[in-house]
Structure formats: structure tokens, C-alpha cells
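Chemist: Structure file protein_3.cif (mmCIF, C-alpha atoms and all ligand atoms) right here:
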```
data_structure
#
loop_
_atom_site.group_PDB
_atom_site.id
_atom_site.type_symbol
_atom_site.label_atom_id
_atom_site.label_comp_id
_atom_site.auth_asym_id
_atom_site.auth_seq_id
_atom_site.Cartn_x
_atom_site.Cartn_y
_atom_site.Cartn_z
ATOM 1 C CA MET A 12 -10.052 11.166 18.442
ATOM 2 C CA LEU A 13 -12.246 8.071 18.881
ATOM 3 C CA LEU A 14 -12.819 7.765 15.126
ATOM 4 C CA VAL A 15 -9.135 8.249 14.301
ATOM 5 C CA ARG A 16 -8.223 5.477 16.716
ATOM 6 C CA GLY A 17 -10.926 3.248 15.224
ATOM 7 C CA LEU A 18 -9.789 3.934 11.666
ATOM 8 C CA THR A 19 -6.206 3.054 12.595
ATOM 9 C CA ARG A 20 -7.227 -0.298 14.147
ATOM 10 C CA ARG A 21 -6.563 0.866 17.680
ATOM 11 C CA CYS A 22 -8.748 0.491 20.719
ATOM 12 C CA PRO A 23 -10.938 3.597 20.522
ATOM 13 C CA TRP A 24 -10.974 3.885 24.295
ATOM 14 C CA CYS A 25 -7.279 3.583 25.275
ATOM 15 C CA GLY A 26 -5.540 3.811 21.879
ATOM 16 C CA ASP A 27 -3.689 0.504 22.205
ATOM 17 C CA ARG A 28 -2.531 -0.786 18.834
ATOM 18 C CA ARG A 29 -3.279 -4.459 19.593
ATOM 19 C CA ALA A 30 -6.868 -3.702 20.663
ATOM 20 C CA TYR A 31 -9.270 -6.562 20.017
ATOM 21 C CA PHE A 32 -7.316 -8.703 17.554
ATOM 22 C CA HIS A 33 -4.599 -11.377 17.776
ATOM 23 C CA GLY A 34 -4.091 -11.457 14.021
ATOM 24 C CA TRP A 35 -6.038 -10.046 11.117
ATOM 25 C CA PHE A 36 -9.132 -12.204 11.701
ATOM 26 C CA LYS A 37 -8.841 -13.559 15.267
ATOM 27 C CA ARG A 38 -10.834 -11.439 17.652
ATOM 28 C CA GLN A 39 -10.794 -11.397 21.414
ATOM 29 C CA GLU A 40 -13.578 -10.161 23.646
ATOM 30 C CA HIS A 41 -11.600 -7.485 25.490
ATOM 31 C CA CYS A 42 -8.880 -4.981 24.743
ATOM 32 C CA ARG A 43 -5.531 -6.323 25.887
ATOM 33 C CA ARG A 44 -4.554 -3.077 27.573
ATOM 34 C CA CYS A 45 -7.665 -1.551 29.103
ATOM 35 C CA GLY A 46 -9.897 -4.636 29.210
ATOM 36 C CA HIS A 47 -12.767 -2.801 27.548
ATOM 37 C CA GLY A 48 -15.196 -5.303 25.985
ATOM 38 C CA TYR A 49 -16.032 -4.523 22.392
ATOM 39 C CA ARG A 50 -19.647 -5.725 22.530
ATOM 40 C CA ARG A 51 -20.655 -3.608 25.507
ATOM 41 C CA GLY A 52 -23.690 -5.796 26.205
ATOM 42 C CA ASP A 53 -24.953 -5.503 22.648
ATOM 43 C CA HIS A 54 -25.849 -8.818 21.014
ATOM 44 C CA ALA A 55 -25.794 -7.363 17.505
ATOM 45 C CA PHE A 56 -22.442 -5.604 17.591
ATOM 46 C CA GLU A 57 -21.269 -7.493 14.502
ATOM 47 C CA LEU A 58 -24.143 -6.005 12.498
ATOM 48 C CA GLY A 59 -22.747 -2.532 13.103
ATOM 49 C CA ALA A 60 -19.228 -3.685 12.219
ATOM 50 C CA THR A 61 -20.584 -5.254 9.036
ATOM 51 C CA THR A 62 -22.318 -2.003 8.181
ATOM 52 C CA ALA A 63 -19.067 -0.092 8.781
ATOM 53 C CA SER A 64 -17.261 -2.533 6.484
ATOM 54 C CA PHE A 65 -19.940 -2.115 3.824
ATOM 55 C CA VAL A 66 -19.822 1.684 3.972
ATOM 56 C CA LEU A 67 -16.012 1.769 3.817
ATOM 57 C CA THR A 68 -15.918 -0.712 0.929
ATOM 58 C CA LEU A 69 -18.633 1.139 -0.954
ATOM 59 C CA GLY A 70 -16.707 4.378 -0.488
ATOM 60 C CA GLY A 71 -13.602 2.666 -1.899
ATOM 61 C CA VAL A 72 -15.559 1.363 -4.890
ATOM 62 C CA LEU A 73 -16.962 4.823 -5.577
ATOM 63 C CA VAL A 74 -13.542 6.492 -5.360
ATOM 64 C CA VAL A 75 -11.883 3.883 -7.600
ATOM 65 C CA THR A 76 -14.718 4.121 -10.114
ATOM 66 C CA LEU A 77 -14.536 7.903 -10.211
ATOM 67 C CA VAL A 78 -10.748 7.894 -10.610
ATOM 68 C CA ALA A 79 -10.943 5.242 -13.363
ATOM 69 C CA ILE A 80 -13.558 7.270 -15.229
ATOM 70 C CA LEU A 81 -11.539 10.481 -14.928
ATOM 71 C CA LEU A 82 -8.350 8.747 -16.111
ATOM 72 C CA SER A 83 -10.019 7.228 -19.155
ATOM 73 C CA LEU A 84 -11.817 10.353 -20.351
ATOM 74 C CA PRO A 85 -12.913 11.243 -23.004
ATOM 75 C CA ASP A 86 -13.414 7.659 -24.238
ATOM 76 C CA ILE A 87 -14.331 5.666 -21.148
ATOM 77 C CA GLU A 88 -13.062 2.096 -21.266
ATOM 78 C CA VAL A 89 -15.612 0.012 -19.388
ATOM 79 C CA TRP A 90 -13.177 -2.705 -18.305
ATOM 80 C CA TRP A 91 -10.756 -0.146 -16.874
ATOM 81 C CA VAL A 92 -13.614 1.029 -14.681
ATOM 82 C CA VAL A 93 -15.226 -2.300 -13.816
ATOM 83 C CA ILE A 94 -12.143 -4.384 -13.003
ATOM 84 C CA PRO A 95 -10.687 -2.053 -10.333
ATOM 85 C CA ALA A 96 -14.155 -1.578 -8.814
ATOM 86 C CA VAL A 97 -14.690 -5.354 -8.595
ATOM 87 C CA VAL A 98 -11.229 -5.871 -7.076
ATOM 88 C CA VAL A 99 -11.931 -3.257 -4.404
ATOM 89 C CA ALA A 100 -15.397 -4.711 -3.772
ATOM 90 C CA LEU A 101 -13.942 -8.206 -3.253
ATOM 91 C CA LEU A 102 -10.846 -7.281 -1.251
ATOM 92 C CA GLY A 103 -12.324 -4.397 0.739
ATOM 93 C CA PRO A 104 -14.174 -6.467 3.352
ATOM 94 C CA ILE A 105 -11.091 -8.667 3.871
ATOM 95 C CA VAL A 106 -8.633 -5.812 4.186
ATOM 96 C CA LEU A 107 -11.005 -3.737 6.310
ATOM 97 C CA TYR A 108 -12.178 -6.542 8.601
ATOM 98 C CA PRO A 109 -10.448 -5.465 11.843
ATOM 99 C CA ILE A 110 -10.816 -1.774 11.052
ATOM 100 C CA SER A 111 -14.572 -2.191 10.664
ATOM 101 C CA PHE A 112 -14.735 -3.527 14.234
ATOM 102 C CA THR A 113 -12.598 -0.825 15.812
ATOM 103 C CA LEU A 114 -14.345 1.877 13.778
ATOM 104 C CA TRP A 115 -17.769 0.642 14.847
ATOM 105 C CA GLN A 116 -16.513 0.426 18.432
ATOM 106 C CA ALA A 117 -15.504 4.087 18.149
ATOM 107 C CA VAL A 118 -18.917 5.063 16.789
ATOM 108 C CA ASP A 119 -20.594 3.061 19.556
ATOM 109 C CA LEU A 120 -18.466 4.734 22.228
ATOM 110 C CA TRP A 121 -19.225 8.115 20.712
ATOM 111 C CA MET A 122 -22.993 7.464 20.690
ATOM 112 C CA ARG A 123 -23.181 5.601 24.018
ATOM 113 C CA ARG A 124 -20.676 6.919 26.510
ATOM 114 C CA PRO A 125 -19.300 4.227 28.823
ATOM 115 C CA THR A 126 -21.040 3.714 32.127
ATOM 116 C CA ALA A 127 -19.263 3.908 35.460
ATOM 117 C CA GLU A 128 -19.447 0.092 35.689
ATOM 118 C CA GLU A 129 -17.767 -0.273 32.310
ATOM 119 C CA LEU A 130 -15.026 2.125 33.266
ATOM 120 C CA ALA A 131 -14.459 0.200 36.487
ATOM 121 C CA GLY A 132 -14.363 -3.067 34.508
ATOM 122 C CA GLU A 133 -17.322 -4.460 36.417
ATOM 123 C CA ALA A 134 -19.847 -4.681 33.606
ATOM 124 C CA ASP A 135 -20.248 -7.956 31.779
ATOM 125 C CA ALA A 136 -19.511 -6.754 28.284
ATOM 126 C CA THR A 137 -19.216 -10.221 26.785
ATOM 127 C CA LEU A 138 -22.914 -10.957 26.364
HETATM 128 ZN ZN ZN B 1 -8.255 -0.482 25.149
#
```
What is this structure when it is put down as C-alpha cells?
Ligand SMILES: [Zn+2]
Modeler:
Amino acid sequence: MLLVRGLTRRCPWCGDRRAYFHGWFKRQEHCRRCGHGYRRGDHAFELGATTASFVLTLGGVLVVTLVAILLSLPDIEVWWVVIPAVVVALLGPIVLYPISFTLWQAVDLWMRRPTAEELAGEADATL
């Protein structure tokens, strides 16, 4: 459930659709509904979100490349394979920007269950 919420750009903890973003790129420190801080005391949270973005984009590039190869068989047209892959590689991180944060938040919550202080809203999660 956490990962599904993260993949759909929702707060992984409470499921709120607005979660940690005002717009596509403007982040806020806490979920609007539950107040859960996305960093959870971790200074390198963005590194995990960047890794999630990279993995999702790479997966998209691999799928598009495979589909392009299968559609152009038996004579593979290189440009019909390269152009879609480059487009996905360039647009993927932009399109997936907020999803990479909520997905990584879901993975983080799955790996490190929230403490009692976090659940009570007492922990300083904005470090
Ligand atoms: Zn929330």
C-alpha cells in the first residue's frame, strides 16, 4: 500500500493526494494533511529520491527501447529506437519529479517504520 501511494504521488503515510507538493516542482517540508515530514531527520533524502527517479527513468528507457526494437523487427531502424529512448531519458526526470519523492518516502517508511515521536508529530523532521 505504501508503494502504491508513493507511485501515485500521494503521501505514503496518510494517502493524501496533495502530499508534499504545491505544484509539480514546489515542495513543502510536511504533508498538508498528516504533517508528516518527508525528510524524517535524514540530510540526504534527496539522494534517495534522485535514485528513485533514475531507476524509474531507466526502466522507461528500457521498455521504450524494447518496444521500439520489437516493432521494427526484422530490420531494426536505429533512429526509431534511439529517438524515443532519448525523449524518455530527457523527459522522465521532469515528469517523475514529484513521484520520485513520494516513492522514495514510501520506501523509507517501509524500511524505517515511524517512531512514536514522529507519529505524535513531535519529532523535528525538517533537519
Ligand atoms: Zn500525509
Chemist: Could you give me, as CSV, every chain A residue with an atom at most 8 Å from ligand ZN 1 (chain B), plus its closest atom pair and distance in Å to one decimal, counting only C-alpha atoms and all ligand atoms, rows ordered by chain then number?
Modeler:
```
residue,atom,partner,partner_atom,distance
A:Arg21,CA,B:ZN1,ZN,7.8
A:Cys22,CA,B:ZN1,ZN,4.6
A:Pro23,CA,B:ZN1,ZN,6.7
A:Trp24,CA,B:ZN1,ZN,5.2
A:Cys25,CA,B:ZN1,ZN,4.2
A:Gly26,CA,B:ZN1,ZN,6.0
A:Asp27,CA,B:ZN1,ZN,5.5
A:Ala30,CA,B:ZN1,ZN,5.7
A:His41,CA,B:ZN1,ZN,7.8
A:Cys42,CA,B:ZN1,ZN,4.6
A:Arg43,CA,B:ZN1,ZN,6.5
A:Arg44,CA,B:ZN1,ZN,5.1
A:Cys45,CA,B:ZN1,ZN,4.1
A:Gly46,CA,B:ZN1,ZN,6.0
A:His47,CA,B:ZN1,ZN,5.6
```
Chemist: Store the residues picked out above, limited to C-alpha atoms, as an mmCIF file, in the coordinates of the input.
Modeler:
```
data_model
loop_
_atom_site.group_PDB
_atom_site.id
_atom_site.type_symbol
_atom_site.label_atom_id
_atom_site.label_comp_id
_atom_site.auth_asym_id
_atom_site.auth_seq_id
_atom_site.Cartn_x
_atom_site.Cartn_y
_atom_site.Cartn_z
ATOM 1 C CA ARG A 21 -6.563 0.866 17.680
ATOM 2 C CA CYS A 22 -8.748 0.491 20.719
ATOM 3 C CA PRO A 23 -10.938 3.597 20.522
ATOM 4 C CA TRP A 24 -10.974 3.885 24.295
ATOM 5 C CA CYS A 25 -7.279 3.583 25.275
ATOM 6 C CA GLY A 26 -5.540 3.811 21.879
ATOM 7 C CA ASP A 27 -3.689 0.504 22.205
ATOM 8 C CA ALA A 30 -6.868 -3.702 20.663
ATOM 9 C CA HIS A 41 -11.600 -7.485 25.490
ATOM 10 C CA CYS A 42 -8.880 -4.981 24.743
ATOM 11 C CA ARG A 43 -5.531 -6.323 25.887
ATOM 12 C CA ARG A 44 -4.554 -3.077 27.573
ATOM 13 C CA CYS A 45 -7.665 -1.551 29.103
ATOM 14 C CA GLY A 46 -9.897 -4.636 29.210
ATOM 15 C CA HIS A 47 -12.767 -2.801 27.548
#
```
Chemist: Give me the residues near Arg50 (chain A) as an MDAnalysis selection string, where near means some atom within 12 Å (using all atoms listed in the file) and where sequence neighbours in that chain fewer than 3 positions away do not count.
Modeler: chainID A and resid 31 38:42 46:47 53:60 112:113 115:117 119:120 123 125 129 134:138
Chemist: So that I have them on file, write out the residues from the current selection with C-alpha atoms, as an mmCIF file, in the coordinates of the input.
Modeler:
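As written to disk, out-v4.cif reads:
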```cif
data_model
loop_
_atom_site.group_PDB
_atom_site.id
_atom_site.type_symbol
_atom_site.label_atom_id
_atom_site.label_comp_id
_atom_site.auth_asym_id
_atom_site.auth_seq_id
_atom_site.Cartn_x
_atom_site.Cartn_y
_atom_site.Cartn_z
ATOM 1 C CA TYR A 31 -9.270 -6.562 20.017
ATOM 2 C CA ARG A 38 -10.834 -11.439 17.652
ATOM 3 C CA GLN A 39 -10.794 -11.397 21.414
ATOM 4 C CA GLU A 40 -13.578 -10.161 23.646
ATOM 5 C CA HIS A 41 -11.600 -7.485 25.490
ATOM 6 C CA CYS A 42 -8.880 -4.981 24.743
ATOM 7 C CA GLY A 46 -9.897 -4.636 29.210
ATOM 8 C CA HIS A 47 -12.767 -2.801 27.548
ATOM 9 C CA ASP A 53 -24.953 -5.503 22.648
ATOM 10 C CA HIS A 54 -25.849 -8.818 21.014
ATOM 11 C CA ALA A 55 -25.794 -7.363 17.505
ATOM 12 C CA PHE A 56 -22.442 -5.604 17.591
ATOM 13 C CA GLU A 57 -21.269 -7.493 14.502
ATOM 14 C CA LEU A 58 -24.143 -6.005 12.498
ATOM 15 C CA GLY A 59 -22.747 -2.532 13.103
ATOM 16 C CA ALA A 60 -19.228 -3.685 12.219
ATOM 17 C CA PHE A 112 -14.735 -3.527 14.234
ATOM 18 C CA THR A 113 -12.598 -0.825 15.812
ATOM 19 C CA TRP A 115 -17.769 0.642 14.847
ATOM 20 C CA GLN A 116 -16.513 0.426 18.432
ATOM 21 C CA ALA A 117 -15.504 4.087 18.149
ATOM 22 C CA ASP A 119 -20.594 3.061 19.556
ATOM 23 C CA LEU A 120 -18.466 4.734 22.228
ATOM 24 C CA ARG A 123 -23.181 5.601 24.018
ATOM 25 C CA PRO A 125 -19.300 4.227 28.823
ATOM 26 C CA GLU A 129 -17.767 -0.273 32.310
ATOM 27 C CA ALA A 134 -19.847 -4.681 33.606
ATOM 28 C CA ASP A 135 -20.248 -7.956 31.779
ATOM 29 C CA ALA A 136 -19.511 -6.754 28.284
ATOM 30 C CA THR A 137 -19.216 -10.221 26.785
ATOM 31 C CA LEU A 138 -22.914 -10.957 26.364
#
```
Chemist: By how many Å are CA of Val89 (chain A) and CA of Val74 (chain A) apart?
Modeler: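 Computing the Euclidean distance for CA of Val89 (chain A) and CA of Val74 (chain A) yields 15.6 Å.
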Chemist: Which is closer to Pro109 (chain A) than all the others in A:Lys37, A:Arg124, A:Arg51, A:Arg16, using all atoms listed in the file?
Modeler: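 Ranking A:Lys37, A:Arg124, A:Arg51, A:Arg16 by distance to Pro109 (chain A), first place goes to A:Lys37.
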Chemist: For CA of Pro85 (chain A) and CA of Val98 (chain A), determine how far apart the two atoms are, in Å to one decimal place.
Modeler: 23.4 Å
Chemist: Just give me the gap between CA of Phe65 (chain A) and CA of Ile80 (chain A) in Å, one decimal is fine.
Modeler: 22.2 Å
Chemist: Which of these residues is nearest to Val78 (chain A), using all atoms listed in the file: A:Trp121, A:Ala96, A:Thr61, A:Ser111?
Modeler: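 With all atoms listed in the file as the atom set, the closest residue is A:Ala96.
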Chemist: Using only C-alpha atoms, determine which residues lie at most 12 Å from Thr68 (chain A), disregarding the query and same-chain residues fewer than 6 positions distant; provide the list as a list in words.
Modeler: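 Everything that qualifies: Thr61, Thr62, Val74, Val75, Ala96, Val97, Val98, Val99, Ala100, Leu101, Leu102, Gly103, Pro104, Ile105, Val106, Leu107, Tyr108, Ile110 and Ser111 of chain A.
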Chemist: Write out as JSON an axis-aligned box for region 96-109 of chain A: all of its atoms listed in the file, 4 Å added on each side, centre and edge lengths in Å with one decimal.
Modeler:
```
{"center_x": -12.0, "center_y": -5.1, "center_z": 1.5, "size_x": 14.8, "size_y": 15.1, "size_z": 28.7}
```
Chemist: For Trp90 (chain A), which of A:Gly17, A:Met122, A:Thr76, A:Phe32 is the closest residue, counting only C-alpha atoms?
Modeler: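 Of the candidates, the smallest distance to Trp90 (chain A) is held by A:Thr76.
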Chemist: Hey, could you patch up region 13-42 of chain A with N, CA and C atoms and hand it over as a CSV table (one decimal), in the frame of the given file?
Modeler:
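File selection.csv, as written:
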```
chain,number,residue,atom,x,y,z
A,13,LEU,N,-11.7,9.4,18.9
A,13,LEU,CA,-12.2,8.1,18.9
A,13,LEU,C,-12.2,7.5,17.5
A,14,LEU,N,-12.7,8.3,16.5
A,14,LEU,CA,-12.8,7.8,15.1
A,14,LEU,C,-11.4,7.6,14.5
A,15,VAL,N,-10.5,8.4,14.8
A,15,VAL,CA,-9.1,8.2,14.3
A,15,VAL,C,-8.5,7.0,14.9
A,16,ARG,N,-8.7,6.7,16.1
A,16,ARG,CA,-8.2,5.5,16.7
A,16,ARG,C,-8.9,4.3,16.1
A,17,GLY,N,-10.2,4.4,15.9
A,17,GLY,CA,-10.9,3.2,15.2
A,17,GLY,C,-10.5,3.0,13.8
A,18,LEU,N,-10.2,4.1,13.1
A,18,LEU,CA,-9.8,3.9,11.7
A,18,LEU,C,-8.4,3.4,11.6
A,19,THR,N,-7.6,3.5,12.6
A,19,THR,CA,-6.2,3.1,12.6
A,19,THR,C,-6.1,1.7,13.3
A,20,ARG,N,-7.2,1.0,13.6
A,20,ARG,CA,-7.2,-0.3,14.1
A,20,ARG,C,-6.7,-0.3,15.6
A,21,ARG,N,-6.9,0.8,16.3
A,21,ARG,CA,-6.6,0.9,17.7
A,21,ARG,C,-7.8,0.8,18.5
A,22,CYS,N,-7.6,0.4,19.8
A,22,CYS,CA,-8.7,0.5,20.7
A,22,CYS,C,-9.2,1.9,20.8
A,23,PRO,N,-10.5,2.2,20.5
A,23,PRO,CA,-10.9,3.6,20.5
A,23,PRO,C,-10.9,4.2,21.9
A,24,TRP,N,-10.9,3.4,22.9
A,24,TRP,CA,-11.0,3.9,24.3
A,24,TRP,C,-9.6,4.2,24.8
A,25,CYS,N,-8.6,3.3,24.7
A,25,CYS,CA,-7.3,3.6,25.3
A,25,CYS,C,-6.2,3.9,24.2
A,26,GLY,N,-6.5,3.5,22.9
A,26,GLY,CA,-5.5,3.8,21.9
A,26,GLY,C,-4.5,2.7,21.7
A,27,ASP,N,-4.7,1.6,22.4
A,27,ASP,CA,-3.7,0.5,22.2
A,27,ASP,C,-3.8,-0.1,20.8
A,28,ARG,N,-2.6,-0.3,20.2
A,28,ARG,CA,-2.5,-0.8,18.8
A,28,ARG,C,-3.0,-2.2,18.7
A,29,ARG,N,-2.9,-3.0,19.7
A,29,ARG,CA,-3.3,-4.5,19.6
A,29,ARG,C,-4.8,-4.6,19.8
A,30,ALA,N,-5.4,-3.7,20.5
A,30,ALA,CA,-6.9,-3.7,20.7
A,30,ALA,C,-7.5,-5.1,20.8
A,31,TYR,N,-8.4,-5.4,19.9
A,31,TYR,CA,-9.3,-6.6,20.0
A,31,TYR,C,-8.9,-7.7,19.1
A,32,PHE,N,-7.7,-7.7,18.5
A,32,PHE,CA,-7.3,-8.7,17.6
A,32,PHE,C,-6.0,-9.3,17.9
A,33,HIS,N,-5.9,-10.7,17.7
A,33,HIS,CA,-4.6,-11.4,17.8
A,33,HIS,C,-3.9,-11.3,16.4
A,34,GLY,N,-4.6,-11.5,15.4
A,34,GLY,CA,-4.1,-11.5,14.0
A,34,GLY,C,-5.1,-10.6,13.2
A,35,TRP,N,-5.1,-10.9,11.9
A,35,TRP,CA,-6.0,-10.0,11.1
A,35,TRP,C,-7.5,-10.4,11.3
A,36,PHE,N,-7.8,-11.7,11.6
A,36,PHE,CA,-9.1,-12.2,11.7
A,36,PHE,C,-9.5,-12.7,13.1
A,37,LYS,N,-8.5,-13.0,14.0
A,37,LYS,CA,-8.8,-13.6,15.3
A,37,LYS,C,-9.1,-12.5,16.3
A,38,ARG,N,-10.4,-12.4,16.7
A,38,ARG,CA,-10.8,-11.4,17.7
A,38,ARG,C,-10.8,-12.0,19.1
A,39,GLN,N,-10.7,-11.1,20.0
A,39,GLN,CA,-10.8,-11.4,21.4
A,39,GLN,C,-11.8,-10.5,22.0
A,40,GLU,N,-12.4,-10.9,23.1
A,40,GLU,CA,-13.6,-10.2,23.6
A,40,GLU,C,-13.2,-8.8,24.3
A,41,HIS,N,-12.0,-8.7,24.8
A,41,HIS,CA,-11.6,-7.5,25.5
A,41,HIS,C,-10.3,-6.9,24.9
A,42,CYS,N,-10.1,-5.6,25.1
A,42,CYS,CA,-8.9,-5.0,24.7
A,42,CYS,C,-7.8,-5.5,25.7
```
